[in-house]
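Participant: My file is upload31.cif. It has mmCIF, C-alpha atoms:
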```cif
data_model
#
loop_
_atom_site.label_atom_id
_atom_site.label_comp_id
_atom_site.auth_asym_id
_atom_site.auth_seq_id
_atom_site.Cartn_x
_atom_site.Cartn_y
_atom_site.Cartn_z
CA MET I 1 0.37 11.58 -19.97
CA GLU I 2 2.62 9.28 -18.00
CA GLN I 3 1.79 8.96 -14.32
CA ASN I 4 3.57 7.29 -11.40
CA CYS I 5 1.86 6.97 -8.02
CA TYR I 6 3.12 6.29 -4.50
CA ARG I 7 1.91 7.00 -0.96
CA VAL I 8 3.26 9.29 1.71
CA SER I 9 2.00 10.03 5.22
CA LEU I 10 0.73 13.38 6.42
CA GLU I 11 3.09 14.84 9.00
CA SER I 12 0.37 16.78 10.85
CA ALA I 13 -2.17 13.95 10.94
CA SER I 14 -0.59 10.50 10.84
CA LYS I 15 -3.96 8.76 10.64
CA TYR I 16 -4.30 9.89 7.05
CA GLU I 17 -2.47 8.70 4.00
CA ILE I 18 -1.83 10.74 0.91
CA GLN I 19 -1.28 9.32 -2.52
CA SER I 20 1.29 11.19 -4.51
CA CYS I 21 1.35 10.88 -8.27
CA LEU I 22 4.37 11.75 -10.32
CA VAL I 23 3.03 13.42 -13.42
CA SER I 24 5.21 14.60 -16.27
CA ARG I 25 3.76 18.09 -16.43
CA GLN I 26 6.79 20.13 -15.35
CA VAL I 27 8.29 20.31 -18.81
CA ALA I 28 7.22 23.22 -20.96
CA THR I 29 5.06 22.18 -23.88
CA ALA I 30 6.78 24.33 -26.53
CA LYS I 31 9.92 22.76 -28.01
CA LYS I 32 11.83 25.83 -29.04
CA ALA I 33 15.25 25.60 -30.54
CA THR I 34 18.03 27.36 -28.60
CA VAL I 35 21.01 29.31 -29.89
CA HIS I 36 24.29 28.87 -27.98
CA LEU I 37 27.22 31.24 -28.31
CA SER I 38 30.95 30.49 -28.06
CA PRO I 39 32.39 32.53 -26.50
CA PRO I 40 29.15 33.33 -24.61
CA TRP I 41 29.26 37.15 -24.99
CA THR I 42 26.62 39.13 -26.90
CA THR I 43 28.96 42.10 -27.41
CA ILE I 44 32.24 41.74 -29.32
CA PHE I 45 34.78 44.04 -30.93
CA GLN I 46 35.00 44.52 -34.68
CA GLY I 47 37.06 41.78 -36.30
CA GLU I 48 36.18 39.16 -33.64
CA LYS I 49 34.18 36.03 -34.39
CA VAL I 50 31.40 34.12 -32.61
CA ILE I 51 30.24 30.55 -33.19
CA LEU I 52 26.46 30.13 -33.06
CA THR I 53 25.11 26.60 -32.53
CA CYS I 54 21.46 25.63 -32.97
CA ASP I 55 20.18 23.14 -30.40
CA GLY I 56 17.06 21.57 -31.87
CA PHE I 57 16.45 18.79 -29.32
CA ASN I 58 18.63 16.14 -30.97
CA SER I 59 16.92 16.48 -34.29
CA SER I 60 17.11 13.51 -36.62
CA LYS I 61 17.00 16.03 -39.50
CA PRO I 62 20.46 17.56 -39.88
CA ARG I 63 19.29 20.53 -41.95
CA THR I 64 19.01 23.76 -39.94
CA GLN I 65 17.39 27.03 -40.98
CA TRP I 66 19.03 30.27 -39.88
CA TYR I 67 17.50 33.73 -39.82
CA LYS I 68 19.21 37.11 -39.52
CA ASP I 69 17.02 40.09 -38.73
CA GLU I 70 13.96 37.93 -39.57
CA GLN I 71 15.32 37.05 -43.02
CA TRP I 72 16.02 33.42 -43.91
CA GLN I 73 19.68 32.88 -44.76
CA LYS I 74 19.75 30.25 -47.47
CA LYS I 75 23.54 30.02 -47.34
CA TRP I 76 23.49 28.66 -43.79
CA SER I 77 22.13 25.14 -43.30
CA THR I 78 24.52 23.57 -40.79
CA GLU I 79 24.05 23.22 -37.06
CA SER I 80 26.84 25.72 -36.28
CA ILE I 81 27.82 28.91 -38.08
CA VAL I 82 30.62 31.48 -37.62
CA ILE I 83 29.61 35.14 -37.74
CA GLN I 84 31.21 38.56 -37.40
CA GLN I 85 28.26 40.84 -38.16
CA ALA I 86 25.81 42.47 -35.76
CA GLY I 87 22.18 41.42 -35.93
CA ALA I 88 19.37 39.33 -34.45
CA TYR I 89 19.98 35.62 -35.11
CA ARG I 90 17.42 32.81 -34.87
CA CYS I 91 17.32 29.15 -35.90
CA GLN I 92 15.09 26.10 -36.14
CA ASN I 93 14.90 22.62 -37.60
CA GLN I 94 12.06 20.28 -38.47
CA ASP I 95 11.78 18.97 -34.90
CA SER I 96 11.61 22.34 -33.16
CA ASP I 97 9.99 25.76 -33.20
CA LEU I 98 11.86 28.93 -34.07
CA SER I 99 14.29 29.99 -31.35
CA ASP I 100 14.27 33.28 -29.50
CA PRO I 101 16.52 35.89 -31.14
CA VAL I 102 20.14 36.40 -30.10
CA HIS I 103 21.10 40.07 -30.49
CA LEU I 104 24.77 40.34 -31.31
CA VAL I 105 26.44 43.73 -30.91
CA VAL I 106 29.69 44.47 -32.78
CA SER I 107 31.41 47.49 -31.23
CA SER I 108 34.18 49.86 -32.18
CA ASP I 109 34.25 51.51 -28.74
CA GLN I 110 37.40 51.65 -26.64
CA LEU I 111 35.75 49.79 -23.73
CA ILE I 112 32.93 47.25 -23.73
CA LEU I 113 31.07 45.30 -21.05
CA GLN I 114 30.51 41.70 -22.09
CA THR I 115 27.53 39.80 -20.69
CA PRO I 116 26.20 36.30 -21.45
CA TYR I 117 23.28 35.88 -23.84
CA SER I 118 21.10 33.80 -21.55
CA VAL I 119 21.14 34.11 -17.76
CA PHE I 120 18.58 32.33 -15.59
CA GLU I 121 17.84 32.79 -11.92
CA GLY I 122 20.19 30.56 -9.96
CA ASP I 123 22.95 30.85 -12.57
CA THR I 124 26.40 32.32 -11.96
CA LEU I 125 26.64 35.68 -13.72
CA THR I 126 30.02 36.71 -15.18
CA LEU I 127 30.62 40.30 -16.34
CA LYS I 128 33.76 41.10 -18.31
CA CYS I 129 35.09 44.62 -18.85
CA ARG I 130 37.42 44.65 -21.91
CA GLY I 131 39.53 47.21 -23.71
CA ARG I 132 39.83 47.27 -27.49
CA HIS I 133 42.69 45.15 -28.87
CA ASN I 134 42.95 43.68 -25.36
CA GLU I 135 44.37 46.94 -24.09
CA ARG I 136 45.26 46.78 -20.42
CA ILE I 137 42.66 48.58 -18.30
CA ARG I 138 43.21 49.57 -14.68
CA ASN I 139 40.97 50.73 -11.84
CA ILE I 140 37.91 48.90 -13.22
CA THR I 141 34.58 49.73 -11.58
CA TYR I 142 31.32 47.86 -12.22
CA TYR I 143 27.95 49.58 -11.91
CA LYS I 144 24.36 48.37 -11.57
CA ASP I 145 21.71 50.98 -12.37
CA GLY I 146 24.32 53.67 -11.77
CA MET I 147 25.36 52.33 -8.35
CA ILE I 148 28.86 50.94 -7.77
CA LEU I 149 28.91 47.16 -7.49
CA SER I 150 32.62 46.45 -7.21
CA TYR I 151 36.08 47.87 -7.85
CA PHE I 152 39.22 46.12 -9.12
CA LEU I 153 42.74 47.45 -9.63
CA LYS I 154 43.59 45.01 -12.41
CA ASN I 155 41.09 42.14 -12.68
CA SER I 156 38.55 42.72 -15.45
CA VAL I 157 36.04 39.96 -14.52
CA PHE I 158 33.26 40.33 -11.96
CA VAL I 159 31.29 37.24 -10.82
CA ILE I 160 27.95 37.04 -9.01
CA PRO I 161 27.63 33.42 -7.75
CA GLN I 162 23.84 33.00 -7.80
CA VAL I 163 21.59 35.59 -9.36
CA GLY I 164 17.89 36.18 -8.86
CA LEU I 165 15.30 38.15 -10.74
CA SER I 166 16.31 41.23 -8.73
CA HIS I 167 19.63 41.26 -10.60
CA SER I 168 17.86 42.37 -13.78
CA ALA I 169 19.24 45.89 -14.41
CA GLN I 170 21.44 48.12 -16.54
CA TYR I 171 25.13 47.37 -16.12
CA HIS I 172 28.24 49.22 -17.30
CA CYS I 173 31.88 49.53 -16.35
CA THR I 174 34.56 52.21 -16.25
CA GLY I 175 38.34 52.07 -16.17
CA ILE I 176 41.56 53.93 -16.84
CA ALA I 177 43.41 53.32 -20.10
CA GLY I 178 47.01 54.24 -20.85
CA HIS I 179 50.13 54.58 -18.74
CA LEU I 180 49.41 56.22 -15.40
CA LYS I 181 52.74 58.14 -15.33
CA ILE I 182 52.71 59.32 -18.96
CA PHE I 183 49.18 59.48 -20.36
CA TYR I 184 45.90 58.04 -19.14
CA GLN I 185 42.19 58.64 -19.49
CA LYS I 186 39.04 57.44 -17.81
CA ILE I 187 36.81 55.54 -20.22
CA SER I 188 33.33 54.02 -19.90
CA SER I 189 31.44 51.22 -21.63
CA ARG I 190 27.95 51.53 -22.99
CA LYS I 191 25.11 50.45 -20.69
CA VAL I 192 23.90 46.90 -21.21
CA GLU I 193 20.33 45.91 -20.32
CA LEU I 194 20.51 42.50 -18.66
CA GLN I 195 17.30 40.57 -18.07
CA ILE I 196 17.56 37.62 -15.69
CA GLN I 197 15.17 34.99 -17.00
CA GLU I 198 12.73 33.04 -14.92
CA LEU I 199 13.71 29.40 -14.48
CA PHE I 200 10.14 28.39 -13.76
CA SER I 201 6.92 30.32 -13.20
CA PRO I 202 5.50 30.91 -9.70
CA PRO I 203 3.41 27.84 -8.88
CA GLU I 204 -0.36 27.91 -8.77
CA LEU I 205 -2.16 25.63 -6.33
CA LYS I 206 -5.28 24.02 -7.77
CA ALA I 207 -7.80 21.82 -5.93
CA THR I 208 -10.48 19.62 -7.44
CA THR I 209 -12.95 21.48 -5.19
CA SER I 210 -12.74 24.20 -2.54
CA GLN I 211 -15.76 22.85 -0.64
CA PRO I 212 -15.40 19.07 -0.46
CA THR I 213 -17.68 16.82 1.57
CA GLU I 214 -16.13 14.93 4.47
CA GLY I 215 -14.75 11.53 3.57
CA THR I 216 -14.39 12.33 -0.14
CA PRO I 217 -11.07 12.47 -2.04
CA VAL I 218 -9.40 15.76 -2.94
CA THR I 219 -6.57 16.26 -5.42
CA LEU I 220 -4.13 19.15 -5.07
CA SER I 221 -1.79 20.14 -7.90
CA CYS I 222 1.11 22.58 -7.77
CA ASP I 223 1.22 23.80 -11.37
CA THR I 224 4.28 25.53 -12.77
CA GLN I 225 6.08 25.74 -16.10
CA LEU I 226 9.77 25.45 -16.83
CA SER I 227 11.50 27.60 -19.40
CA PRO I 228 11.85 25.68 -22.69
CA ARG I 229 15.60 26.28 -22.55
CA ARG I 230 15.80 24.68 -19.11
CA SER I 231 13.27 21.89 -19.58
CA ASP I 232 15.63 19.34 -18.00
CA THR I 233 15.58 21.16 -14.63
CA LYS I 234 14.37 18.91 -11.81
CA LEU I 235 11.76 20.36 -9.48
CA HIS I 236 10.57 19.17 -6.09
CA PHE I 237 7.32 20.14 -4.38
CA ALA I 238 5.89 20.63 -0.90
CA PHE I 239 2.32 21.29 0.29
CA PHE I 240 1.20 23.35 3.28
CA ARG I 241 -1.93 23.92 5.37
CA ASP I 242 -2.10 27.06 7.51
CA GLY I 243 1.65 27.52 7.04
CA ARG I 244 2.59 24.01 8.21
CA ALA I 245 3.88 21.28 5.91
CA ILE I 246 1.43 18.43 5.40
CA THR I 247 4.04 16.19 3.81
CA ALA I 248 7.10 14.89 5.61
CA ASP I 249 9.59 15.90 2.90
CA TRP I 250 9.95 17.39 -0.56
CA MET I 251 8.37 15.30 -3.31
CA ARG I 252 9.16 14.81 -6.97
CA SER I 253 5.45 14.92 -7.68
CA GLN I 254 3.47 18.09 -8.19
CA VAL I 255 0.17 16.24 -7.63
CA LEU I 256 -1.09 15.24 -4.20
CA GLN I 257 -4.15 13.02 -3.79
CA ILE I 258 -5.89 12.95 -0.41
CA PRO I 259 -8.05 9.78 -0.35
CA ALA I 260 -10.41 11.14 2.34
CA ILE I 261 -10.54 14.69 3.70
CA TRP I 262 -12.15 15.62 7.03
CA ARG I 263 -13.56 18.77 8.58
CA GLU I 264 -10.46 19.33 10.71
CA ASP I 265 -8.48 19.50 7.44
CA SER I 266 -10.21 22.77 6.51
CA GLY I 267 -7.78 25.66 6.18
CA SER I 268 -5.58 27.79 3.94
CA TYR I 269 -3.54 25.63 1.56
CA SER I 270 -0.46 26.53 -0.46
CA CYS I 271 2.39 24.80 -2.24
CA GLU I 272 6.04 25.46 -2.95
CA ALA I 273 8.24 24.47 -5.89
CA LYS I 274 12.02 24.16 -5.60
CA ALA I 275 14.71 23.74 -8.25
CA VAL I 276 16.88 20.97 -6.86
CA THR I 277 20.32 22.05 -8.03
CA GLN I 278 19.83 25.84 -7.96
CA ASP I 279 17.88 25.82 -4.67
CA ILE I 280 15.38 28.36 -5.98
CA ARG I 281 12.05 28.28 -4.16
CA LYS I 282 8.73 29.83 -5.15
CA GLN I 283 5.45 29.68 -3.26
CA SER I 284 1.92 29.77 -4.57
CA LYS I 285 -0.91 31.98 -3.40
CA HIS I 286 -3.16 30.54 -0.68
CA VAL I 287 -6.34 28.62 -1.48
CA LYS I 288 -9.10 28.32 1.12
CA ILE I 289 -10.59 24.82 1.47
CA SER I 290 -13.70 24.41 3.64
CA VAL I 291 -14.77 20.82 4.28
CA LYS I 292 -18.53 20.29 4.65
CA ARG I 293 -19.94 17.83 7.18
CA ILE I 294 -23.05 15.71 6.49
CA PRO I 295 -25.66 15.63 9.32
CA ILE I 296 -26.50 12.29 10.93
CA SER I 297 -29.67 10.46 9.88
CA GLY I 298 -31.24 7.01 9.99
CA ILE I 299 -30.26 5.90 13.50
CA PHE I 300 -31.19 2.39 14.60
CA MET I 301 -30.29 0.21 17.58
CA LYS I 302 -30.16 -3.57 17.23
CA ILE I 303 -29.89 -6.00 20.15
CA GLN I 304 -28.06 -9.31 20.18
CA PRO I 305 -29.34 -11.92 20.92
CA SER I 306 -32.17 -11.14 18.54
CA GLY I 307 -35.34 -10.04 20.29
CA GLY I 308 -33.47 -8.87 23.36
CA GLN I 309 -34.20 -12.02 25.42
CA VAL I 310 -31.23 -13.23 27.45
CA THR I 311 -30.67 -15.57 30.40
CA GLU I 312 -29.11 -14.27 33.61
CA GLY I 313 -25.30 -14.38 33.42
CA GLU I 314 -25.16 -13.99 29.62
CA LYS I 315 -24.10 -10.85 27.73
CA VAL I 316 -26.19 -8.42 25.69
CA VAL I 317 -24.75 -6.49 22.72
CA LEU I 318 -26.32 -3.12 21.83
CA ILE I 319 -25.42 -2.17 18.23
CA CYS I 320 -26.01 1.47 17.30
CA SER I 321 -25.80 2.42 13.61
CA VAL I 322 -26.61 5.38 11.36
CA THR I 323 -27.22 5.36 7.62
CA GLN I 324 -25.57 8.74 6.97
CA GLY I 325 -23.23 11.19 8.67
CA THR I 326 -19.59 12.27 8.41
CA GLY I 327 -16.80 13.19 10.75
CA ASN I 328 -16.12 11.83 14.21
CA ILE I 329 -19.43 10.38 15.43
CA THR I 330 -19.95 9.97 19.18
CA PHE I 331 -22.23 7.04 19.97
CA SER I 332 -23.70 6.79 23.48
CA TRP I 333 -26.01 4.20 25.05
CA HIS I 334 -28.76 4.90 27.58
CA ARG I 335 -31.35 3.14 29.72
CA GLU I 336 -34.77 4.61 30.34
CA GLY I 337 -34.97 6.33 33.71
CA ILE I 338 -31.20 6.79 34.09
CA ASN I 339 -29.75 10.21 33.26
CA ALA I 340 -26.11 9.21 32.84
CA SER I 341 -25.07 7.34 29.72
CA LEU I 342 -23.96 3.74 30.02
CA GLY I 343 -20.98 4.36 27.74
CA GLU I 344 -19.62 6.41 24.81
CA LYS I 345 -17.45 5.74 21.76
CA THR I 346 -16.15 8.30 19.25
CA ARG I 347 -15.04 7.00 15.88
CA HIS I 348 -14.94 7.71 12.11
CA SER I 349 -17.56 4.99 11.81
CA LEU I 350 -21.26 4.57 11.06
CA GLU I 351 -21.68 1.73 13.59
CA GLU I 352 -20.45 0.94 17.09
CA LYS I 353 -21.20 -1.71 19.76
CA PHE I 354 -21.71 -1.61 23.50
CA VAL I 355 -21.67 -4.81 25.60
CA LEU I 356 -23.58 -5.51 28.81
CA SER I 357 -21.70 -8.47 30.27
CA ALA I 358 -23.16 -10.98 32.79
CA VAL I 359 -26.61 -9.37 33.01
CA ASN I 360 -28.99 -10.03 35.89
CA LYS I 361 -32.66 -9.41 36.45
CA SER I 362 -32.06 -5.77 37.43
CA ASP I 363 -30.64 -5.05 33.94
CA ALA I 364 -34.01 -5.69 32.29
CA GLY I 365 -35.57 -2.55 30.82
CA LYS I 366 -35.79 -0.25 27.81
CA TYR I 367 -32.58 0.88 26.08
CA TYR I 368 -31.75 3.39 23.33
CA CYS I 369 -28.70 5.04 21.74
CA THR I 370 -27.76 8.50 20.44
CA ALA I 371 -25.32 9.70 17.78
CA ASP I 372 -23.65 13.14 17.57
CA ASN I 373 -21.18 14.58 15.01
CA ASN I 374 -21.25 18.20 16.27
CA ILE I 375 -23.67 19.10 13.48
CA SER I 376 -26.69 17.08 14.58
CA THR I 377 -27.71 14.74 17.42
CA ILE I 378 -30.39 12.07 17.05
CA SER I 379 -31.74 9.25 19.21
CA SER I 380 -32.94 5.78 18.31
CA GLN I 381 -36.23 4.22 19.33
CA MET I 382 -36.27 2.23 22.57
CA ALA I 383 -35.75 -1.50 22.57
CA ASP I 384 -36.50 -4.00 25.35
CA VAL I 385 -33.89 -6.13 27.09
CA ILE I 386 -35.57 -9.10 28.80
CA VAL I 387 -33.65 -11.09 31.41
CA ARG I 388 -34.99 -14.54 32.33
CA ARG I 389 -34.08 -17.10 34.96
CA GLU I 390 -32.69 -20.39 33.78
CA GLY I 391 -35.40 -23.01 33.38
CA TYR I 392 -38.34 -20.61 32.76
CA ARG I 393 -39.96 -19.14 29.71
CA TYR I 394 -41.07 -15.55 29.17
CA ARG I 395 -44.61 -15.15 27.82
CA ASN I 396 -46.95 -12.20 27.38
CA GLY I 397 -44.51 -9.78 29.03
CA LYS I 398 -44.83 -11.40 32.48
CA TRP I 399 -42.15 -13.20 34.47
CA ASP I 400 -43.13 -12.82 38.10
CA GLU I 401 -46.75 -13.92 37.57
CA LEU I 402 -45.72 -16.97 35.64
CA LEU I 403 -43.14 -17.91 38.25
CA GLU I 404 -45.71 -17.68 41.03
CA LYS I 405 -48.33 -19.66 39.06
CA GLY I 406 -45.68 -22.19 38.11
CA LEU I 407 -44.82 -22.78 41.78
CA ALA I 408 -48.50 -22.98 42.64
CA GLY I 409 -48.98 -25.50 39.86
CA GLY I 410 -46.10 -27.51 41.27
CA ARG I 411 -47.73 -27.64 44.70
CA ALA I 412 -51.03 -28.69 43.11
CA LEU I 413 -49.33 -31.55 41.29
CA ARG I 414 -48.34 -33.09 44.55
CA LYS I 415 -52.06 -33.46 45.39
CA SER I 416 -53.49 -34.23 41.99
CA PRO I 417 -50.76 -34.57 39.33
CA LYS I 418 -53.00 -35.74 36.48
CA THR I 419 -55.42 -32.86 36.91
CA HIS I 420 -52.67 -30.20 36.77
CA ARG I 421 -50.38 -31.72 34.14
CA LYS I 422 -51.43 -29.29 31.39
CA TYR I 423 -51.41 -26.36 33.81
CA PHE I 424 -47.79 -26.97 34.78
CA SER I 425 -46.68 -27.54 31.21
CA TYR I 426 -48.21 -24.25 30.04
CA PHE I 427 -46.79 -21.96 32.71
CA CYS I 428 -43.41 -23.50 33.46
CA GLY I 429 -42.39 -25.07 30.20
CA THR I 430 -39.34 -26.66 31.86
CA PRO I 431 -39.85 -29.13 34.78
CA ALA I 432 -39.21 -27.64 38.22
CA LEU I 433 -40.03 -30.86 40.20
CA SER I 434 -38.01 -33.83 41.31
CA LYS I 435 -37.79 -36.98 39.20
CA ARG I 436 -40.20 -38.75 41.56
CA GLN I 437 -42.78 -35.98 41.14
CA GLN I 438 -42.30 -36.09 37.40
CA GLN I 439 -43.02 -39.84 37.40
CA ARG I 440 -46.16 -39.31 39.45
CA ALA I 441 -47.24 -36.53 37.08
CA ALA I 442 -46.82 -38.88 34.12
#
```
Take the structure in the file and give it back as C-alpha cells.
Facilitator:
Amino acid sequence: MEQNCYRVSLESASKYEIQSCLVSRQVATAKKATVHLSPPWTTIFQGEKVILTCDGFNSSKPRTQWYKDEQWQKKWSTESIVIQQAGAYRCQNQDSDLSDPVHLVVSSDQLILQTPYSVFEGDTLTLKCRGRHNERIRNITYYKDGMILSYFLKNSVFVIPQVGLSHSAQYHCTGIAGHLKIFYQKISSRKVELQIQELFSPPELKATTSQPTEGTPVTLSCDTQLSPRRSDTKLHFAFFRDGRAITADWMRSQVLQIPAIWREDSGSYSCEAKAVTQDIRKQSKHVKISVKRIPISGIFMKIQPSGGQVTEGEKVVLICSVTQGTGNITFSWHREGINASLGEKTRHSLEEKFVLSAVNKSDAGKYYCTADNNISTISSQMADVIVRREGYRYRNGKWDELLEKGLAGGRALRKSPKTHRKYFSYFCGTPALSKRQQQRAA
C-alpha cells in the first residue's frame, strides 16, 4: 500500500508536531463495472431507445458480457448496446466485477416521470415530467412523498441543485393534457422510488490504543469507503479533540501520527471527512483517549565539581535526574535546614541543573533535590557541598581546626623551623609564610 508522509503542527498545542501520512485507502476495494445510460432516464415510452455503455475501468479486453434479467446475452459483446425492452441490465468484462443492475421501465402511460439511474449525494437531481408522443402538458406539479414540491405552468423539468440522503423518496408528477378551452384532463404519472446513493460511508475513527502511555506515539485513522462508481472522488480529512480542531487545515491524508502524546492530550477525539467538490461532510463517532502517566522513580543528585569540593568564588552545579517518569516534571533544589526551595524548573525532561554561582563559606552544607509529576513526588539523598579557602586543603571533614593549627604551626616555625617542617606541611599543604620564612624552614 503506497504511503506518503509529511508533518503538520497541532493548532491547539504548537509544541507538538504531527506526522500525517497519505495512504491510498479511500478507494473502494471492489472494482465493479458501471452501466451508463444515454439519455440518462430509467423510464421511457414504448418505441424509444436507450444506449447502455459498460464502463469496466479501461479494460484492455474489449469483449463485454451483458446480462438481461440475470441471463447472459450471447448476442451482445460490445461495450455499448442499444435497447428498447424493459428489464434489469448488467455488464462486466475480464477486468471488473459484475455491475449493479439497471432497471429500465418501458411505459405506455400518457404521462411519465423520468429520473436518472444513478444519483449520489451532492449531485444535481433533474426530474422530467413528459407526455406521450411529446404531448404538451400544462400546469405541471411535482410531488415528493405526496407533498407538493413545485409547480410550473409550462416547464416540464424540475432541478434540485445539490441533493442529500434526505431526498430519497417517492416522486410523481401531475399535469393537464389537451386544449384548455376545448377539452382537457388532469393526468398523473406513476410513482417512482428514488434512492439517493451514499457517496462515501460515515467515517470511523480508529486509534492504535485508547489508553496510551505518556510520551509514546499514537496513530489515528479516519476510515471511510467511497462508492465504487465514484472511486475518483477526492476526500479531505480533519481531526478534533473535545470539539476543537487539532490540525490547522483540512488534510488529504486520513491517517494522523502523533509522535508523542501527553496527559493533557486526553479527551474525546473525532474526525470528519469532506468531499472536496461536492462539499459533503460526515463526522465520526467520538472515541475516548485517556493518556496514562508513569510515576517518577530513581532520583539522584550529582554535584559538579565531582565530590562537591569547591573554592570560594567558584560555582557549584547541582544536577537532579530521574530514571523514569512522564509528563511535566518539576525539579526543585533544597538545602538542609532551609524550608524554602533554592529554585524550581518544570520541563518534559528527566534531568535538570541548578547553579550556585560564586559560592562562599556560608554556602557549605548538605543539599538534595525533589521531583514531582503530579502523580508522585520523591527526594534524592543528601550530598555535601564543601567550600574551601584558597591556599588550604580540606581533610577529615575539618576546615577551622586545620586553619588554626596551620597558623599555630606557622608561628612555631619562626622559633624552630626545622622541628616544625613536617607539621606545617601536613596541616597547611600550601605555604602560608613569606619567602624568607620559607628559606629558613628549608
Participant: Tell me which of I:Val355, I:Arg90, I:Glu344, I:Cys320 sits closest to Met382 in chain I, counting all atoms listed in the file.
Facilitator: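 Smallest distance to Met382 in chain I is found for I:Cys320.
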Participant: Interatomic distance between CA of Ser77 in chain I and CA of Asp55 in chain I?
Facilitator: 13.2 Å
Participant: May I have a table of the residues of range 261-373 of chain I lying at most 12 Å from range 196-209 of chain I, giving each one's closest pair of atoms and their distance in Å to one decimal, counting all atoms listed in the file, ordered by chain and ascending residue number, as a tab-separated table?
Facilitator:
```
residue	atom	partner	partner_atom	distance
I:Ile261	CA	I:Thr209	CA	11.4
I:Ser268	CA	I:Leu205	CA	11.0
I:Tyr269	CA	I:Leu205	CA	8.0
I:Ser270	CA	I:Leu205	CA	6.2
I:Cys271	CA	I:Leu205	CA	6.2
I:Glu272	CA	I:Pro203	CA	6.9
I:Ala273	CA	I:Pro203	CA	6.6
I:Lys274	CA	I:Phe200	CA	9.4
I:Ala275	CA	I:Leu199	CA	8.5
I:Val276	CA	I:Leu199	CA	11.8
I:Thr277	CA	I:Leu199	CA	11.8
I:Gln278	CA	I:Leu199	CA	9.6
I:Asp279	CA	I:Leu199	CA	11.2
I:Ile280	CA	I:Leu199	CA	8.7
I:Arg281	CA	I:Pro202	CA	9.0
I:Lys282	CA	I:Pro202	CA	5.7
I:Gln283	CA	I:Pro203	CA	6.3
I:Ser284	CA	I:Pro203	CA	5.0
I:Lys285	CA	I:Glu204	CA	6.8
I:His286	CA	I:Leu205	CA	7.6
I:Val287	CA	I:Leu205	CA	7.1
I:Lys288	CA	I:Ala207	CA	9.7
I:Ile289	CA	I:Thr209	CA	7.8
I:Ser290	CA	I:Thr209	CA	9.3
I:Val291	CA	I:Thr209	CA	9.7
I:Lys292	CA	I:Thr209	CA	11.4
```
Participant: Could you tell me how far CA of Glu121 in chain I lies from CA of Thr233 in chain I, in Å and to one decimal?
Facilitator: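 CA of Thr233 in chain I lies 12.2 Å from CA of Glu121 in chain I.
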Participant: Just the number, please: distance in Å from CA of Pro217 in chain I to CA of Asp265 in chain I, one decimal.
Facilitator: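 Computing the Euclidean distance for CA of Pro217 in chain I and CA of Asp265 in chain I yields 12.1 Å.
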Participant: Around (22.3, 50.4, -11.5) in the file's frame, which residues reach within 7 Å when counting only C-alpha atoms? Return as JSON, numbers by chain?
Facilitator: {"I": [143, 144, 145, 146, 147, 169, 170, 171]}
Participant: Determine, using all atoms listed in the file, which residues of range 178-254 of chain I have any atom at most 10 Å from an atom of range 32-50 of chain I, and tabulate each with its shortest atom pair and distance in Å to one decimal place, rows ordered by chain and then rising number, as CSV.
Facilitator:
```
residue,atom,partner,partner_atom,distance
I:Val192,CA,I:Thr43,CA,9.3
I:Ser227,CA,I:Lys32,CA,9.8
I:Pro228,CA,I:Lys32,CA,6.4
I:Arg229,CA,I:Thr34,CA,6.6
```
Participant: Just the residues within 12 Å of Cys369 in chain I, please, counting only C-alpha atoms, with nothing from its chain fewer than 6 positions along; format it as JSON, numbers by chain.
Facilitator: {"I": [299, 300, 301, 302, 303, 318, 319, 320, 321, 322, 330, 331, 332, 333, 334, 335, 336, 341, 342, 343, 344, 345, 351, 352, 353, 354, 377, 378, 379, 380, 381, 382, 383]}
Participant: Write a file of the selected residues as a PDB file, in the coordinates of the input, keeping C-alpha atoms.
Facilitator:
```
ATOM      1  CA  ILE I 299     -30.260   5.900  13.500  1.00  0.00           C
ATOM      2  CA  PHE I 300     -31.190   2.390  14.600  1.00  0.00           C
ATOM      3  CA  MET I 301     -30.290   0.210  17.580  1.00  0.00           C
ATOM      4  CA  LYS I 302     -30.160  -3.570  17.230  1.00  0.00           C
ATOM      5  CA  ILE I 303     -29.890  -6.000  20.150  1.00  0.00           C
ATOM      6  CA  LEU I 318     -26.320  -3.120  21.830  1.00  0.00           C
ATOM      7  CA  ILE I 319     -25.420  -2.170  18.230  1.00  0.00           C
ATOM      8  CA  CYS I 320     -26.010   1.470  17.300  1.00  0.00           C
ATOM      9  CA  SER I 321     -25.800   2.420  13.610  1.00  0.00           C
ATOM     10  CA  VAL I 322     -26.610   5.380  11.360  1.00  0.00           C
ATOM     11  CA  THR I 330     -19.950   9.970  19.180  1.00  0.00           C
ATOM     12  CA  PHE I 331     -22.230   7.040  19.970  1.00  0.00           C
ATOM     13  CA  SER I 332     -23.700   6.790  23.480  1.00  0.00           C
ATOM     14  CA  TRP I 333     -26.010   4.200  25.050  1.00  0.00           C
ATOM     15  CA  HIS I 334     -28.760   4.900  27.580  1.00  0.00           C
ATOM     16  CA  ARG I 335     -31.350   3.140  29.720  1.00  0.00           C
ATOM     17  CA  GLU I 336     -34.770   4.610  30.340  1.00  0.00           C
ATOM     18  CA  SER I 341     -25.070   7.340  29.720  1.00  0.00           C
ATOM     19  CA  LEU I 342     -23.960   3.740  30.020  1.00  0.00           C
ATOM     20  CA  GLY I 343     -20.980   4.360  27.740  1.00  0.00           C
ATOM     21  CA  GLU I 344     -19.620   6.410  24.810  1.00  0.00           C
ATOM     22  CA  LYS I 345     -17.450   5.740  21.760  1.00  0.00           C
ATOM     23  CA  GLU I 351     -21.680   1.730  13.590  1.00  0.00           C
ATOM     24  CA  GLU I 352     -20.450   0.940  17.090  1.00  0.00           C
ATOM     25  CA  LYS I 353     -21.200  -1.710  19.760  1.00  0.00           C
ATOM     26  CA  PHE I 354     -21.710  -1.610  23.500  1.00  0.00           C
ATOM     27  CA  THR I 377     -27.710  14.740  17.420  1.00  0.00           C
ATOM     28  CA  ILE I 378     -30.390  12.070  17.050  1.00  0.00           C
ATOM     29  CA  SER I 379     -31.740   9.250  19.210  1.00  0.00           C
ATOM     30  CA  SER I 380     -32.940   5.780  18.310  1.00  0.00           C
ATOM     31  CA  GLN I 381     -36.230   4.220  19.330  1.00  0.00           C
ATOM     32  CA  MET I 382     -36.270   2.230  22.570  1.00  0.00           C
ATOM     33  CA  ALA I 383     -35.750  -1.500  22.570  1.00  0.00           C
TER      34      ALA I 383
END
```
